[in-house]
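Here is the file structure.cif (mmCIF, C-alpha atoms (C1' of nucleotides)).
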data_data
#
loop_
_atom_site.label_atom_id
_atom_site.label_comp_id
_atom_site.auth_asym_id
_atom_site.auth_seq_id
_atom_site.Cartn_x
_atom_site.Cartn_y
_atom_site.Cartn_z
CA MET A 1 15.72 26.82 52.19
CA SER A 2 16.43 28.42 48.83
CA GLY A 3 16.85 32.15 48.63
CA HIS A 4 13.29 33.33 48.57
CA GLU A 5 13.10 34.64 52.12
CA SER A 6 13.41 38.17 50.74
CA ALA A 7 10.42 37.52 48.52
CA VAL A 8 8.34 36.66 51.56
CA ALA A 9 9.38 39.90 53.24
CA ARG A 10 8.62 41.66 49.99
CA LEU A 11 5.06 40.38 49.94
CA ARG A 12 4.47 41.34 53.53
CA SER A 13 5.88 44.83 53.11
CA GLU A 14 3.57 45.44 50.15
CA GLY A 15 0.52 44.56 52.19
CA TYR A 16 -0.01 41.09 50.77
CA ARG A 17 -0.75 38.20 53.11
CA MET A 18 1.46 35.20 53.40
CA THR A 19 -0.63 32.10 52.94
CA PRO A 20 0.47 28.47 52.91
CA GLN A 21 -0.56 28.27 49.25
CA ARG A 22 1.70 31.16 48.32
CA LEU A 23 4.56 29.82 50.35
CA SER A 24 4.18 26.50 48.63
CA VAL A 25 4.23 28.00 45.14
CA LEU A 26 7.24 30.09 46.07
CA ASP A 27 9.07 27.05 47.44
CA ILE A 28 8.33 25.00 44.37
CA VAL A 29 9.50 27.61 41.90
CA ALA A 30 12.54 28.47 44.02
CA ASN A 31 13.65 24.86 44.34
CA ARG A 32 13.28 24.12 40.66
CA PRO A 33 16.38 24.68 38.60
CA GLY A 34 15.11 26.28 35.42
CA HIS A 35 11.54 27.02 34.47
CA ILE A 36 8.40 25.14 35.43
CA GLY A 37 4.88 25.05 34.00
CA ALA A 38 1.82 26.12 35.96
CA ASP A 39 0.33 22.63 35.83
CA GLU A 40 3.51 21.14 37.22
CA VAL A 41 3.53 23.68 40.03
CA TRP A 42 -0.02 22.63 40.77
CA ASN A 43 0.84 18.93 40.92
CA LEU A 44 3.69 19.57 43.32
CA ALA A 45 1.64 21.97 45.42
CA LYS A 46 -1.12 19.40 45.81
CA GLU A 47 1.34 17.08 47.54
CA GLN A 48 1.39 19.47 50.46
CA HIS A 49 -2.05 21.08 50.09
CA PRO A 50 -4.32 18.54 48.39
CA TYR A 51 -7.23 20.99 48.26
CA VAL A 52 -5.33 23.79 46.52
CA ASP A 53 -7.00 25.00 43.33
CA LEU A 54 -5.31 25.58 39.99
CA ALA A 55 -6.78 29.09 39.89
CA THR A 56 -4.83 29.90 43.02
CA ILE A 57 -1.64 28.70 41.36
CA TYR A 58 -2.26 30.96 38.38
CA ARG A 59 -3.16 33.93 40.55
CA THR A 60 -0.10 33.43 42.71
CA LEU A 61 2.23 33.10 39.76
CA GLN A 62 0.84 36.28 38.21
CA LEU A 63 1.23 38.08 41.52
CA LEU A 64 4.82 36.93 41.90
CA LYS A 65 5.46 38.02 38.34
CA ARG A 66 4.05 41.50 38.96
CA LEU A 67 6.27 41.80 42.01
CA GLY A 68 9.31 40.73 40.04
CA VAL A 69 9.80 37.63 42.17
CA VAL A 70 9.42 35.24 39.27
CA THR A 71 9.80 35.68 35.54
CA GLU A 72 7.63 34.25 32.80
CA VAL A 73 8.80 32.25 29.80
CA VAL A 74 6.43 31.63 26.90
CA ILE A 75 7.03 28.15 25.50
CA GLY A 76 4.71 27.18 22.70
CA ASN A 77 1.26 27.97 24.01
CA LYS A 78 2.14 27.48 27.64
CA LEU A 79 3.57 29.70 30.33
CA HIS A 80 6.54 28.68 32.42
CA PHE A 81 8.00 30.45 35.42
CA GLU A 82 11.28 30.65 37.22
CA LEU A 83 12.72 32.46 40.21
CA ALA A 84 13.99 35.93 39.28
CA ASP A 85 17.52 35.71 40.61
CA HIS A 86 19.14 39.07 40.10
CA GLN A 87 22.52 37.39 40.10
CA THR A 88 21.75 35.20 37.13
CA ARG A 89 19.30 37.29 35.15
CA HIS A 90 18.74 36.07 31.65
CA ASN A 91 16.31 36.06 28.79
CA HIS A 92 15.08 33.12 26.76
CA MET A 93 15.13 32.28 23.09
CA VAL A 94 12.50 29.67 22.25
CA CYS A 95 12.47 27.76 18.98
CA SER A 96 8.99 27.66 17.49
CA GLU A 97 9.71 24.35 15.79
CA CYS A 98 11.37 22.17 18.43
CA TYR A 99 10.58 24.28 21.49
CA SER A 100 14.16 24.17 22.67
CA VAL A 101 15.10 27.00 25.00
CA GLN A 102 18.40 28.88 25.07
CA THR A 103 19.27 31.50 27.63
CA LEU A 104 20.59 34.92 26.75
CA SER A 105 22.46 37.54 28.71
CA PRO A 106 20.27 40.60 29.32
CA ALA A 107 23.24 42.64 28.10
CA TYR A 108 22.00 41.92 24.58
CA LEU A 109 18.83 43.83 25.30
CA ALA A 110 20.26 46.60 27.45
CA GLU A 111 20.98 49.12 24.73
CA PHE A 112 17.66 48.42 23.04
CA SER A 113 15.85 48.91 26.31
CA GLN A 114 17.58 52.20 27.03
CA ARG A 115 16.64 53.57 23.65
CA LEU A 116 12.95 52.76 24.15
CA GLN A 117 13.10 54.31 27.56
CA GLY A 118 14.91 57.44 26.37
CA GLU A 119 13.16 58.03 23.06
CA PHE A 120 9.62 56.93 23.87
CA GLY A 121 9.43 56.88 27.65
CA PHE A 122 8.39 53.27 27.25
CA THR A 123 9.75 50.93 29.92
CA PRO A 124 9.93 47.43 28.45
CA ASP A 125 9.34 44.54 30.81
CA LEU A 126 12.71 43.06 29.94
CA ASP A 127 12.63 40.27 32.50
CA ASN A 128 9.57 38.74 30.93
CA ILE A 129 10.47 39.05 27.28
CA THR A 130 10.63 35.72 25.48
CA ILE A 131 12.26 35.86 22.08
CA GLY A 132 10.61 33.53 19.60
CA GLY A 133 12.32 32.30 16.47
CA VAL A 134 14.05 29.33 14.92
CA CYS A 135 17.14 27.74 16.43
CA SER A 136 20.27 26.82 14.51
CA ILE A 137 19.41 23.13 14.41
CA CYS A 138 15.91 23.58 13.02
CA HIS A 139 16.98 26.21 10.52
CA PRO A 140 20.63 25.78 9.61
CA PRO A 141 22.26 28.51 7.51
CA GLY A 142 22.51 27.93 3.77
CA MET B 1 -8.49 45.43 -4.14
CA SER B 2 -5.78 45.73 -1.51
CA GLY B 3 -2.33 44.35 -2.17
CA HIS B 4 -2.74 40.76 -1.12
CA GLU B 5 -2.82 39.22 -4.55
CA SER B 6 0.76 38.12 -4.06
CA ALA B 7 -0.25 36.35 -0.89
CA VAL B 8 -2.77 34.31 -2.83
CA ALA B 9 -0.09 33.30 -5.31
CA ARG B 10 2.15 32.55 -2.38
CA LEU B 11 -0.33 30.10 -0.91
CA ARG B 12 -0.87 28.36 -4.21
CA SER B 13 2.83 28.03 -4.92
CA GLU B 14 3.40 26.43 -1.53
CA GLY B 15 0.80 23.77 -2.22
CA TYR B 16 -1.97 25.24 -0.09
CA ARG B 17 -5.48 25.40 -1.46
CA MET B 18 -7.29 28.64 -1.96
CA THR B 19 -10.65 28.43 -0.28
CA PRO B 20 -13.34 31.08 0.04
CA GLN B 21 -12.78 31.11 3.79
CA ARG B 22 -9.10 31.90 3.39
CA LEU B 23 -9.78 34.53 0.79
CA SER B 24 -12.26 36.14 3.11
CA VAL B 25 -9.85 36.26 6.04
CA LEU B 26 -7.16 37.65 3.80
CA ASP B 27 -9.50 40.33 2.46
CA ILE B 28 -10.61 41.33 5.92
CA VAL B 29 -7.13 41.66 7.36
CA ALA B 30 -5.84 43.41 4.23
CA ASN B 31 -8.63 45.97 4.23
CA ARG B 32 -8.27 46.79 7.89
CA PRO B 33 -5.91 49.64 8.66
CA GLY B 34 -4.04 48.50 11.76
CA HIS B 35 -4.53 45.30 13.68
CA ILE B 36 -7.70 43.30 14.16
CA GLY B 37 -8.73 40.64 16.68
CA ALA B 38 -9.60 37.09 15.69
CA ASP B 39 -13.16 37.47 16.93
CA GLU B 40 -13.63 40.58 14.84
CA VAL B 41 -12.29 38.79 11.77
CA TRP B 42 -14.83 36.08 12.47
CA ASN B 43 -17.74 38.50 12.71
CA LEU B 44 -16.81 40.13 9.42
CA ALA B 45 -16.20 36.78 7.72
CA LYS B 46 -19.63 35.53 8.75
CA GLU B 47 -21.21 38.31 6.76
CA GLN B 48 -20.02 36.61 3.59
CA HIS B 49 -19.86 32.99 4.80
CA PRO B 50 -22.42 32.57 7.57
CA TYR B 51 -21.29 29.03 8.31
CA VAL B 52 -17.60 29.74 8.73
CA ASP B 53 -16.27 28.43 12.02
CA LEU B 54 -14.09 30.35 14.45
CA ALA B 55 -11.58 27.49 14.40
CA THR B 56 -11.11 28.06 10.70
CA ILE B 57 -10.40 31.73 11.35
CA TYR B 58 -7.75 30.81 13.90
CA ARG B 59 -6.21 28.15 11.68
CA THR B 60 -6.12 30.53 8.74
CA LEU B 61 -4.57 33.33 10.75
CA GLN B 62 -1.88 31.01 12.07
CA LEU B 63 -1.21 29.76 8.56
CA LEU B 64 -0.91 33.28 7.21
CA LYS B 65 1.38 34.12 10.08
CA ARG B 66 3.66 31.16 9.37
CA LEU B 67 3.84 32.24 5.75
CA GLY B 68 4.72 35.78 6.75
CA VAL B 69 1.56 37.19 5.18
CA VAL B 70 0.24 38.60 8.44
CA THR B 71 1.94 39.53 11.69
CA GLU B 72 0.71 38.91 15.20
CA VAL B 73 0.37 41.47 17.97
CA VAL B 74 -0.21 40.32 21.53
CA ILE B 75 -2.53 42.76 23.27
CA GLY B 76 -3.44 41.82 26.81
CA ASN B 77 -4.59 38.23 26.58
CA LYS B 78 -5.77 38.45 23.01
CA LEU B 79 -4.11 38.06 19.64
CA HIS B 80 -4.44 40.67 16.93
CA PHE B 81 -3.26 40.45 13.36
CA GLU B 82 -2.34 42.79 10.56
CA LEU B 83 -1.12 42.54 7.01
CA ALA B 84 2.65 42.23 6.80
CA ASP B 85 3.43 45.07 4.47
CA HIS B 86 7.14 45.04 3.78
CA GLN B 87 7.00 48.73 2.97
CA THR B 88 5.73 49.72 6.37
CA ARG B 89 7.20 47.08 8.63
CA HIS B 90 7.02 47.87 12.30
CA ASN B 91 6.97 46.35 15.75
CA HIS B 92 4.59 47.06 18.58
CA MET B 93 5.05 48.24 22.15
CA VAL B 94 2.04 47.37 24.27
CA CYS B 95 1.42 48.88 27.69
CA SER B 96 0.42 46.23 30.20
CA GLU B 97 -1.59 48.75 32.20
CA CYS B 98 -3.65 50.68 29.64
CA TYR B 99 -3.14 48.40 26.64
CA SER B 100 -2.17 51.30 24.43
CA VAL B 101 -0.11 50.31 21.40
CA GLN B 102 2.80 52.25 19.92
CA THR B 103 4.57 51.26 16.76
CA LEU B 104 8.32 51.00 16.49
CA SER B 105 10.69 50.98 13.56
CA PRO B 106 12.27 47.55 13.10
CA ALA B 107 15.59 49.39 12.90
CA TYR B 108 15.59 49.38 16.69
CA LEU B 109 15.77 45.60 16.68
CA ALA B 110 18.03 45.12 13.69
CA GLU B 111 21.36 45.10 15.47
CA PHE B 112 19.99 42.91 18.24
CA SER B 113 18.64 40.47 15.70
CA GLN B 114 21.91 40.28 13.82
CA ARG B 115 23.81 39.48 16.98
CA LEU B 116 21.50 36.61 17.85
CA GLN B 117 21.81 35.33 14.33
CA GLY B 118 25.58 35.66 14.25
CA GLU B 119 26.47 34.53 17.76
CA PHE B 120 23.87 31.82 18.34
CA GLY B 121 22.55 30.93 14.92
CA PHE B 122 19.15 31.81 16.32
CA THR B 123 16.83 33.53 13.86
CA PRO B 124 14.38 35.62 15.86
CA ASP B 125 10.89 36.00 14.47
CA LEU B 126 11.20 39.77 14.48
CA ASP B 127 7.95 40.47 12.68
CA ASN B 128 5.94 38.86 15.43
CA ILE B 129 7.73 40.24 18.46
CA THR B 130 5.47 42.28 20.71
CA ILE B 131 7.32 44.31 23.31
CA GLY B 132 5.45 44.46 26.59
CA GLY B 133 6.07 47.11 29.17
CA VAL B 134 4.69 50.31 30.65
CA CYS B 135 4.07 53.42 28.57
CA SER B 136 5.13 56.93 29.52
CA ILE B 137 1.64 57.93 30.60
CA CYS B 138 1.08 54.99 32.93
CA HIS B 139 4.56 55.19 34.39
CA PRO B 140 5.92 58.73 34.14
CA PRO B 141 9.57 59.27 35.03
CA GLY B 142 10.37 60.55 38.51
"C1'" DA C 1 -6.64 34.69 73.32
"C1'" DC C 2 -10.35 37.05 70.78
"C1'" DC C 3 -12.28 40.16 67.25
"C1'" DG C 4 -12.88 42.63 63.12
"C1'" DT C 5 -11.26 43.96 58.72
"C1'" DT C 6 -10.29 42.75 54.33
"C1'" DG C 7 -7.14 40.19 51.35
"C1'" DT C 8 -7.40 35.22 49.62
"C1'" DT C 9 -9.19 30.91 48.50
"C1'" DG C 10 -12.03 27.24 46.32
"C1'" DC C 11 -15.43 26.56 43.26
"C1'" DA C 12 -17.82 27.32 39.22
"C1'" DT C 13 -17.85 29.58 35.17
"C1'" DG C 14 -16.23 32.04 31.21
"C1'" DG C 15 -12.95 33.50 27.48
"C1'" DA C 16 -9.48 32.65 24.12
"C1'" DT C 17 -7.22 29.41 21.35
"C1'" DT C 18 -6.12 24.68 19.79
"C1'" DT C 19 -6.97 19.97 18.24
"C1'" DG C 20 -9.21 15.38 16.74
"C1'" DC C 21 -12.16 13.60 13.46
"C1'" DG C 22 -15.42 12.48 9.90
"C1'" DA C 23 -17.46 15.03 6.05
"C1'" DT C 24 -16.50 18.17 2.32
"C1'" DA C 25 -14.57 20.30 -1.52
"C1'" DA C 26 -10.12 22.20 -4.03
"C1'" DA C 27 -6.93 20.76 -7.41
"C1'" DC C 28 -5.56 18.14 -11.05
"C1'" DA C 29 -5.49 14.36 -14.31
"C1'" DA C 30 -8.06 11.73 -17.63
"C1'" DT D 1 -17.07 16.70 -17.16
"C1'" DT D 2 -16.04 13.16 -14.16
"C1'" DG D 3 -13.28 10.88 -10.86
"C1'" DT D 4 -9.52 10.59 -7.41
"C1'" DT D 5 -6.70 12.44 -4.04
"C1'" DT D 6 -6.06 14.74 0.03
"C1'" DA D 7 -6.01 19.41 2.06
"C1'" DT D 8 -9.41 21.83 4.51
"C1'" DC D 9 -13.67 22.60 6.98
"C1'" DG D 10 -17.30 22.47 10.52
"C1'" DC D 11 -18.25 20.67 14.74
"C1'" DA D 12 -17.36 19.21 19.22
"C1'" DA D 13 -14.33 18.70 22.78
"C1'" DA D 14 -10.23 19.85 25.04
"C1'" DT D 15 -6.62 23.01 26.83
"C1'" DC D 16 -4.86 26.90 29.13
"C1'" DC D 17 -5.68 30.75 31.66
"C1'" DA D 18 -8.68 34.39 33.89
"C1'" DT D 19 -12.55 36.03 36.78
"C1'" DG D 20 -16.95 36.62 39.89
"C1'" DC D 21 -18.46 35.50 44.24
"C1'" DA D 22 -19.41 33.81 48.87
"C1'" DA D 23 -16.90 31.46 52.48
"C1'" DC D 24 -12.62 31.65 54.77
"C1'" DA D 25 -8.47 32.98 57.17
"C1'" DA D 26 -4.20 36.21 57.87
"C1'" DC D 27 -2.92 39.91 60.53
"C1'" DG D 28 -3.14 43.92 63.44
"C1'" DG D 29 -5.49 45.72 67.24
"C1'" DT D 30 -7.67 44.86 71.88
#
Show how you would write the structure in this file as structure tokens.
Amino acid sequence: MSGHESAVARLRSEGYRMTPQRLSVLDIVANRPGHIGADEVWNLAKEQHPYVDLATIYRTLQLLKRLGVVTEVVIGNKLHFELADHQTRHNHMVCSECYSVQTLSPAYLAEFSQRLQGEFGFTPDLDNITIGGVCSICHPPG
Amino acid sequence: MSGHESAVARLRSEGYRMTPQRLSVLDIVANRPGHIGADEVWNLAKEQHPYVDLATIYRTLQLLKRLGVVTEVVIGNKLHFELADHQTRHNHMVCSECYSVQTLSPAYLAEFSQRLQGEFGFTPDLDNITIGGVCSICHPPG
DNA sequence: ACCGTTGTTGCATGGATTTGCGATAAACAA
DNA sequence: TTGTTTATCGCAAATCCATGCAACAACGGT
């Protein structure tokens, strides 16, 4: 339904097996506009596979993250995930006081990333960087 | 002994109480060159205060982090801490494969930070940003 | 359609960190 | 010093996420 067919092919081509549990997680994340917590993925997944275990959800999300299919957003002490759409790539700025989330064009990090790559040979995992801080409402200037 | 006297004054002036447990944590982090894990802080703290609880260690470290006295480094799935010395400020690049840690001058993030501040009013918590990625050894070019 | 290989799952458990709560002890005034 | 206030602590329980293992099932070959 929602553009994750390529992700399925991706899994298969890398030697991973396509299980109903994985398909379900993929569907759920793909159909959710914005990010979603692991527990919420679990609740939705149980509607179709009542026996599915939370550990499977976590393992699947980590797998999809490693493959670049989903990206991770750190909100407070919880992890959220969203489909990695190369058309609408973005980073997240999370306020540590009100936990509001703003999105950010990856262009802001491009130069920084290239310098780390060029000067240190370090390849930052840009897609999964969450920038913590304080938003303008919680910490107004002056 | 090691320059954390100002931190003690800092706590007092903000209305926090100075307890032996907090002093101990402060001493331990201040005397450790480089970062140290919460569990290791606990083990060392127990030598002087056998009844100190791990929860107190965590609460103290989070408090010191909020006050800017220590900075946090995310290594794998564990948190490490180190004294925030304004003379030797630095960020950390952590390899997600071998967990090696490289330090980075905050100058690399300065321009980025200023843009977020200026364009979004978002004040990133630069001191506590850990940059995840893959180091040059684990992921050589070519 | 069946079989065998081996990646995956569910379950149970463990690790790291946080939180609620009653008891304790810093801080400060008298 | 003593008393009062209330931040902090120790303890226990909870939360979030990761992992070991035996049973299971996806997939390619027959």
*List, as JSON, numbers by chain, every residue that the PyMOL selection byres ((chain D) within 10 of (chain A)) selects in the file provided.*
{"D": [15, 16, 17, 18, 19, 25, 26, 27]}
Could the residues of chain C that have an atom at most 10 Å from chain A be listed as CSV, each with its closest atom pair and the distance in Å to one decimal, counting all atoms listed in the file and ordered by chain and ascending residue number?
residue,atom,partner,partner_atom,distance
C:DG7,C1',A:Arg17,CA,6.9
C:DT8,C1',A:Arg17,CA,8.1
C:DT9,C1',A:Thr56,CA,7.1
C:DG10,C1',A:Asp53,CA,6.3
C:DC11,C1',A:Asp53,CA,8.6
C:DT17,C1',A:Asn77,CA,9.0
C:DT18,C1',A:Asn77,CA,9.1
Could you save those same residues with C-alpha atoms (C1' of nucleotides) as an mmCIF file, in the coordinates of the input?
data_model
loop_
_atom_site.group_PDB
_atom_site.id
_atom_site.type_symbol
_atom_site.label_atom_id
_atom_site.label_comp_id
_atom_site.auth_asym_id
_atom_site.auth_seq_id
_atom_site.Cartn_x
_atom_site.Cartn_y
_atom_site.Cartn_z
ATOM 1 C "C1'" DG C 7 -7.140 40.190 51.350
ATOM 2 C "C1'" DT C 8 -7.400 35.220 49.620
ATOM 3 C "C1'" DT C 9 -9.190 30.910 48.500
ATOM 4 C "C1'" DG C 10 -12.030 27.240 46.320
ATOM 5 C "C1'" DC C 11 -15.430 26.560 43.260
ATOM 6 C "C1'" DT C 17 -7.220 29.410 21.350
ATOM 7 C "C1'" DT C 18 -6.120 24.680 19.790
#
*asked:* Restricting the calculation to all atoms listed in the file: of A:Glu82, A:Leu67, A:Ala110, A:Gly121, which residue gets closest to Ser13 in chain A?
replied: A:Leu67
_Just to confirm, what's the straight-line distance from CA of Cys138 in chain A to CA of Arg115 in chain B in Å (one decimal)?_
18.2 Å
Taking the file as shown, what set of residues would the PyMOL selection byres ((chain A) within 6 of (chain B)) give back, as a PDB file with C-alpha atoms, keeping the file's coordinate frame?
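In the end it all went to expr-v3.pdb:
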ATOM      1  CA  GLY A 121       9.430  56.880  27.650  1.00  0.00           C
ATOM      2  CA  PHE A 122       8.390  53.270  27.250  1.00  0.00           C
ATOM      3  CA  THR A 123       9.750  50.930  29.920  1.00  0.00           C
ATOM      4  CA  PRO A 124       9.930  47.430  28.450  1.00  0.00           C
ATOM      5  CA  ASP A 125       9.340  44.540  30.810  1.00  0.00           C
ATOM      6  CA  GLY A 132      10.610  33.530  19.600  1.00  0.00           C
ATOM      7  CA  GLY A 133      12.320  32.300  16.470  1.00  0.00           C
ATOM      8  CA  VAL A 134      14.050  29.330  14.920  1.00  0.00           C
ATOM      9  CA  CYS A 135      17.140  27.740  16.430  1.00  0.00           C
ATOM     10  CA  SER A 136      20.270  26.820  14.510  1.00  0.00           C
TER      11      SER A 136
END
*Minimum-distance residue to Val29 in chain A, chosen among A:Glu5, A:Lys46, A:Leu83, A:Val69 (using all atoms listed in the file)*: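 Residue with the minimum atom-to-atom distance to Val29 in chain A: A:Leu83.
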*Resolved residues for the PyMOL selection byres ((chain A and resi 24) around 10) as a list in words*: Thr19, Pro20, Gln21, Arg22, Leu23, Val25, Leu26, Asp27, Ile28, Val29, Ala30, Val41, Trp42, Leu44, Ala45, Lys46, Glu47, Gln48, His49 and Ile57 of chain A
_Proximity to DA26 in chain C - best of B:Arg12, B:Ile36, B:Asp127, B:Val70, all atoms listed in the file_ = B:Arg12
Chain fit of chain B to chain A, all Cα atoms, as a short mmCIF file (atom, residue, chain, number, x, y, z; two decimals) with C-alpha atoms, in the coordinates of the input:
data_model
loop_
_atom_site.label_atom_id
_atom_site.label_comp_id
_atom_site.auth_asym_id
_atom_site.auth_seq_id
_atom_site.Cartn_x
_atom_site.Cartn_y
_atom_site.Cartn_z
CA MET B 1 15.99 26.84 52.23
CA SER B 2 16.45 28.55 48.88
CA GLY B 3 16.84 32.30 48.70
CA HIS B 4 13.25 33.42 48.60
CA GLU B 5 13.02 34.72 52.13
CA SER B 6 13.32 38.23 50.78
CA ALA B 7 10.36 37.59 48.53
CA VAL B 8 8.25 36.73 51.55
CA ALA B 9 9.25 39.98 53.21
CA ARG B 10 8.53 41.72 49.95
CA LEU B 11 4.97 40.44 49.88
CA ARG B 12 4.34 41.41 53.47
CA SER B 13 5.74 44.89 53.03
CA GLU B 14 3.48 45.49 50.05
CA GLY B 15 0.40 44.62 52.06
CA TYR B 16 -0.12 41.14 50.65
CA ARG B 17 -0.92 38.29 52.99
CA MET B 18 1.32 35.31 53.35
CA THR B 19 -0.73 32.18 52.90
CA PRO B 20 0.39 28.56 52.89
CA GLN B 21 -0.59 28.32 49.24
CA ARG B 22 1.66 31.21 48.28
CA LEU B 23 4.51 29.89 50.36
CA SER B 24 4.16 26.56 48.65
CA VAL B 25 4.24 28.03 45.16
CA LEU B 26 7.23 30.13 46.09
CA ASP B 27 9.05 27.11 47.51
CA ILE B 28 8.34 25.03 44.45
CA VAL B 29 9.52 27.61 41.95
CA ALA B 30 12.56 28.50 44.07
CA ASN B 31 13.66 24.89 44.42
CA ARG B 32 13.31 24.13 40.74
CA PRO B 33 16.43 24.70 38.69
CA GLY B 34 15.17 26.26 35.47
CA HIS B 35 11.60 26.97 34.52
CA ILE B 36 8.48 25.07 35.49
CA GLY B 37 4.96 24.95 34.04
CA ALA B 38 1.89 26.04 35.97
CA ASP B 39 0.42 22.55 35.86
CA GLU B 40 3.59 21.09 37.29
CA VAL B 41 3.58 23.66 40.09
CA TRP B 42 0.03 22.60 40.81
CA ASN B 43 0.89 18.91 41.00
CA LEU B 44 3.73 19.57 43.41
CA ALA B 45 1.65 21.98 45.49
CA LYS B 46 -1.11 19.41 45.88
CA GLU B 47 1.31 17.12 47.64
CA GLN B 48 1.36 19.54 50.55
CA HIS B 49 -2.09 21.14 50.14
CA PRO B 50 -4.36 18.60 48.47
CA TYR B 51 -7.20 21.09 48.17
CA VAL B 52 -5.28 23.87 46.47
CA ASP B 53 -6.96 25.01 43.28
CA LEU B 54 -5.25 25.54 39.94
CA ALA B 55 -6.71 29.05 39.79
CA THR B 56 -4.82 29.89 42.95
CA ILE B 57 -1.60 28.67 41.36
CA TYR B 58 -2.19 30.91 38.36
CA ARG B 59 -3.14 33.90 40.48
CA THR B 60 -0.10 33.42 42.68
CA LEU B 61 2.26 33.07 39.75
CA GLN B 62 0.89 36.23 38.16
CA LEU B 63 1.22 38.05 41.46
CA LEU B 64 4.81 36.92 41.88
CA LYS B 65 5.49 37.97 38.33
CA ARG B 66 4.07 41.46 38.89
CA LEU B 67 6.26 41.79 41.95
CA GLY B 68 9.32 40.71 40.01
CA VAL B 69 9.80 37.62 42.16
CA VAL B 70 9.43 35.20 39.27
CA THR B 71 9.83 35.63 35.53
CA GLU B 72 7.67 34.19 32.80
CA VAL B 73 8.82 32.18 29.80
CA VAL B 74 6.44 31.55 26.93
CA ILE B 75 7.06 28.07 25.54
CA GLY B 76 4.73 27.06 22.75
CA ASN B 77 1.27 27.78 24.07
CA LYS B 78 2.17 27.33 27.70
CA LEU B 79 3.59 29.59 30.38
CA HIS B 80 6.59 28.59 32.45
CA PHE B 81 8.03 30.39 35.43
CA GLU B 82 11.32 30.62 37.24
CA LEU B 83 12.75 32.46 40.19
CA ALA B 84 14.03 35.90 39.27
CA ASP B 85 17.54 35.69 40.58
CA HIS B 86 19.20 39.04 40.06
CA GLN B 87 22.58 37.35 40.08
CA THR B 88 21.82 35.15 37.13
CA ARG B 89 19.39 37.23 35.13
CA HIS B 90 18.79 36.01 31.62
CA ASN B 91 16.34 36.03 28.76
CA HIS B 92 15.08 33.10 26.74
CA MET B 93 15.11 32.28 23.04
CA VAL B 94 12.49 29.68 22.21
CA CYS B 95 12.42 27.80 18.92
CA SER B 96 8.93 27.70 17.47
CA GLU B 97 9.65 24.41 15.72
CA CYS B 98 11.34 22.21 18.34
CA TYR B 99 10.56 24.28 21.43
CA SER B 100 14.16 24.18 22.57
CA VAL B 101 15.11 27.00 24.93
CA GLN B 102 18.40 28.88 24.98
CA THR B 103 19.28 31.47 27.55
CA LEU B 104 20.62 34.88 26.68
CA SER B 105 22.49 37.49 28.65
CA PRO B 106 20.32 40.55 29.29
CA ALA B 107 23.27 42.59 28.05
CA TYR B 108 22.02 41.88 24.54
CA LEU B 109 18.84 43.81 25.28
CA ALA B 110 20.30 46.55 27.44
CA GLU B 111 21.00 49.10 24.75
CA PHE B 112 17.67 48.41 23.07
CA SER B 113 15.88 48.86 26.36
CA GLN B 114 17.62 52.13 27.11
CA ARG B 115 16.64 53.55 23.75
CA LEU B 116 12.98 52.73 24.28
CA GLN B 117 13.16 54.26 27.71
CA GLY B 118 14.95 57.38 26.52
CA GLU B 119 13.17 58.01 23.23
CA PHE B 120 9.63 56.92 24.08
CA GLY B 121 9.47 56.84 27.85
CA PHE B 122 8.44 53.23 27.44
CA THR B 123 9.81 50.88 30.09
CA PRO B 124 9.99 47.42 28.57
CA ASP B 125 9.40 44.48 30.87
CA LEU B 126 12.76 42.99 29.98
CA ASP B 127 12.67 40.20 32.52
CA ASN B 128 9.60 38.69 30.95
CA ILE B 129 10.50 39.02 27.29
CA THR B 130 10.62 35.69 25.49
CA ILE B 131 12.24 35.86 22.08
CA GLY B 132 10.56 33.55 19.60
CA GLY B 133 12.24 32.36 16.46
CA VAL B 134 13.96 29.40 14.85
CA CYS B 135 17.07 27.80 16.32
CA SER B 136 20.19 26.90 14.38
CA ILE B 137 19.33 23.22 14.27
CA CYS B 138 15.82 23.67 12.90
CA HIS B 139 16.88 26.31 10.41
CA PRO B 140 20.54 25.88 9.47
CA PRO B 141 22.14 28.61 7.39
CA GLY B 142 22.42 28.05 3.65
#
_Interatomic distance (Å, one decimal) between CA of Asn91 in chain B and CA of Thr103 in chain B_ = 5.6 Å
*Using all atoms listed in the file, which of A:Gly34, A:Gln114, A:Asp85, A:Leu63 sits nearest Val101 in chain A?*
A:Gly34
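Distance-wise, CA of His92 in chain A and CA of Tyr99 in chain B end up 23.8 Å apart.
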*Give me the residues within 12 Å of DG28 in chain D as a ChimeraX atom specification, counting all atoms listed in the file and dropping any in the same chain fewer than 4 places off.*
/A:15 /C:3-6
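Comparing A:Ala84, A:Ser105, A:Arg10, A:Glu97 by their smallest distance to Lys65 in chain A, the closest is A:Ala84 (using only C-alpha atoms).
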So that all listed atoms of range 11-30 of chain C fit with 4 Å spare on each side, what axis-aligned box centre and edge lengths in Å, to one decimal, would you give as lines of an AutoDock Vina configuration file?
center_x = -11.7
center_y = 22.6
center_z = 12.8
size_x = 20.4
size_y = 29.8
size_z = 68.9
*asked:* List the spatial neighbours of DC21 in chain C as a PyMOL selection string - criterion: any atom at most 12 Å away, all atoms listed in the file, same-chain residues fewer than 4 positions off excluded.
replied: chain D and resi 9-13
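A cut-off of 8 Å from the point (-9.1, 19.7, 3.0), with only C-alpha atoms (C1' of nucleotides), picks out the residues DT24, DA25 and DA26 of chain C; DT6, DA7, DT8 and DC9 of chain D.
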Go ahead and save the picked residues with C-alpha atoms (C1' of nucleotides), as a short mmCIF file (atom, residue, chain, number, x, y, z; two decimals), in the coordinates of the input.
data_model
loop_
_atom_site.label_atom_id
_atom_site.label_comp_id
_atom_site.auth_asym_id
_atom_site.auth_seq_id
_atom_site.Cartn_x
_atom_site.Cartn_y
_atom_site.Cartn_z
"C1'" DT C 24 -16.50 18.17 2.32
"C1'" DA C 25 -14.57 20.30 -1.52
"C1'" DA C 26 -10.12 22.20 -4.03
"C1'" DT D 6 -6.06 14.74 0.03
"C1'" DA D 7 -6.01 19.41 2.06
"C1'" DT D 8 -9.41 21.83 4.51
"C1'" DC D 9 -13.67 22.60 6.98
#
